[in-house]
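Asks: Sharing a structure here in structure tokens format.
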Amino acid sequence: MTSKLALRGIAVAYLGLLVAGPVAIMIWQTFSGGLAPVWDALTNPAFLHALQLTLIIAAIAVPLNTIFGIVFAMVIVRREFRGKPILTALLDLPLGVSPVVVGLALVIVYGRRGEFGGWLADHGIRVIFALPGMVLATIFVSIPFVAREVIPVLREIGTEQEQAARTLGASDWQIFRLITFPAIRVGVAFGVVLTVARALGEYGAVAIVSGRLSGRTETLTIHVEERFLAFDLTGAYTASLVLAGLALLTLFFMQRLKPRGSD
Amino acid sequence: MSATGYPLGAAGAAPGSPTTAGRALSVSTPLSIGVITAYLSVIVLIPLAAVVFRSSAGGWDVFWESVTSPQALAALRLSVIGSFVVAAINAVMGTTIAWVLVRDEFPGKDAVNALIDLPFALPTIVAGLTLIALYGSRSPLGINVAYTQFAVLLALLFVTLPFVVRAVQPVLGELDRDMEQAATALGASSWTTFRLIVLPNLLPAVLAGVGLGFARAIGEFGSVVLISGNIPFQTEVAAVRIFSQVENDNVTAAAAIAVVLLAISLTVLLIIALFERWSRKHDQ
């Protein structure tokens, strides 16, 4: 019994010192100067621009990765073809790549010195230090989530209902809309939540490709860093709390979506 | 059961149901394979291949020089050793926390359980700032570890917290307790029971979680960059070294260090995948 209490104490203390304590202190320090400085930080044009840019990037990256993820899962689960293990491995690759390396890779391909980037620049298309590069970086780091959630669900549901629908004369689109999608809906939603969280919170990859131009290519996470380095702790903490709030919302949805019986 | 919510266990690793192409929903196969291949190639494969290609642009000598320059070597060493230390701590603490969450009951357990996911949801730059709030120069505890190697460890521990816990938790939950009870009845101490009965069953999950945490830690950037101070030869990790090389327009050197990082983390992920396949076969 005592060993049980000791283990509980160790686990709770570890989590308190590592996670709960730091988060609580940050919240407390954010409001230590009252609400006025927080309000100023929230209405700062640079913050609002960063928030807007972050949402725009997520609004492009998340739908693309969602559609890709569903198609990828359908193909991987339902089809046999050569090179399938390679595609699966490729899907997981972003999980093992440092965000900084992602940014570096995009700079090499799309930077003005790169062959392809030079050609694009000649045609007036900027990728690095501009929105397209930041979107590409965000897509890269959040690519696997939807597919990874949908693949096991698709495996489990099998194809009997789809075959039945087919026999009754349903078209492909009807089958997807009425049979397949409702069955994988929770998996898709879970994947989308993870994708959104990653897209809103990505820092390293976006920091490299954006050039961190204040008021132009500054996302929320880059804004946090910029405020911190400018010794504006309240500004940095306030923007952090906005991001943390989005993270908590993510956690909330994850808990709600968690299929019964998984714990 | 299906959606664990965690990118554990490689997608597609589970033995698939037999493919019933026949009359199920048919996606045009060549077209959709083409689309997903093109998407993955443009976004992931070509850029990463370009890094490898670029790292060799100056020949082997330049590559070797970039990787073994004292500053790069120090950064790589810190990342590798730091990730090993973090992996070891995660193995012990992650298993302990999972144990408490599965086998113990106490008020507030749900909150503790939800806390585990926080490092996964929180942006890395925010993770670093929260640590600065408690362990930086304005620490209310009077503990200031900013700009030390300990700060690097702290940041890596924060971001890798969920991996082992979430890998071990479901396995521990499904473990049959008869054997443990038998061992106890035969007079084994709780530690002996854990070591000889429980631990061997948990080991594959622990190792999978540790490996994923290691692969994450070795390339970690956002959570480390503010609290470590990035002092060359002391607190500069490999990812920060790559970042500053890019900022200094030294892309080839950055690519060389990146290739080393890629090689290490892919090796680790490959070992996990092989180990998972092996232990699954072993089970059957």
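Starting from 1 in every chain, residues are counted up; chains themselves are A, B, ... following the order of the structure tokens, and ligands are numbered from 1 as listed.
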Could you give me, as a ChimeraX atom specification, each residue of region 22-268 of chain B that DSSP assigns to helix (DSSP H, G or I) when run on this structure's backbone?

Replies: /B:29-55,59-68,70-103,109-121,124-135,149-174,178-185,190-218,222-225,238-247,251-268

Asks: Smallest atom-to-atom distance to Ile264 (chain B): which of B:Phe214, B:Phe194, B:Trp99, B:Phe243, using only C-alpha atoms?

Replies: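 Among B:Phe214, B:Phe194, B:Trp99, B:Phe243, it is B:Phe214 that comes nearest to Ile264 (chain B).
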
Asks: Using only C-alpha atoms, which protein or nucleic acid residues come within 9 Å of region 111-127 of chain A? Drop anything in the same chain fewer than 6 positions from it, and give the result as an mmCIF file with C-alpha atoms, in the first residue's frame.

Replies:
```
data_model
loop_
_atom_site.group_PDB
_atom_site.id
_atom_site.type_symbol
_atom_site.label_atom_id
_atom_site.label_comp_id
_atom_site.auth_asym_id
_atom_site.auth_seq_id
_atom_site.Cartn_x
_atom_site.Cartn_y
_atom_site.Cartn_z
ATOM 1 C CA GLY A 133 6.616 28.159 -48.440
ATOM 2 C CA MET A 134 4.908 28.414 -45.081
ATOM 3 C CA LEU A 136 4.263 23.741 -47.816
ATOM 4 C CA VAL A 209 11.018 29.357 -44.667
#
```

Asks: Quick one: distance from CA of Asp117 (chain B) to CA of Val23 (chain A) in Å, one decimal?

Replies: 13.4 Å

Asks: Rank B:Gly128, B:Leu161, B:Arg216, B:Ser279 by their smallest atom-to-atom distance to Asn201 (chain B), using only C-alpha atoms, and report the top residue only.

Replies: B:Ser279

Asks: For a quick check of understanding, using only C-alpha atoms, which of B:Ala255, B:Val44, B:Leu156, B:Leu118 has the smallest distance to Val19 (chain A)?

Replies: B:Leu118

Asks: If you count only C-alpha atoms, which residues fall within 10 Å of region 84-91 of chain A, apart from same-chain ones fewer than 4 positions away, as a count of residues only?

Replies: 27
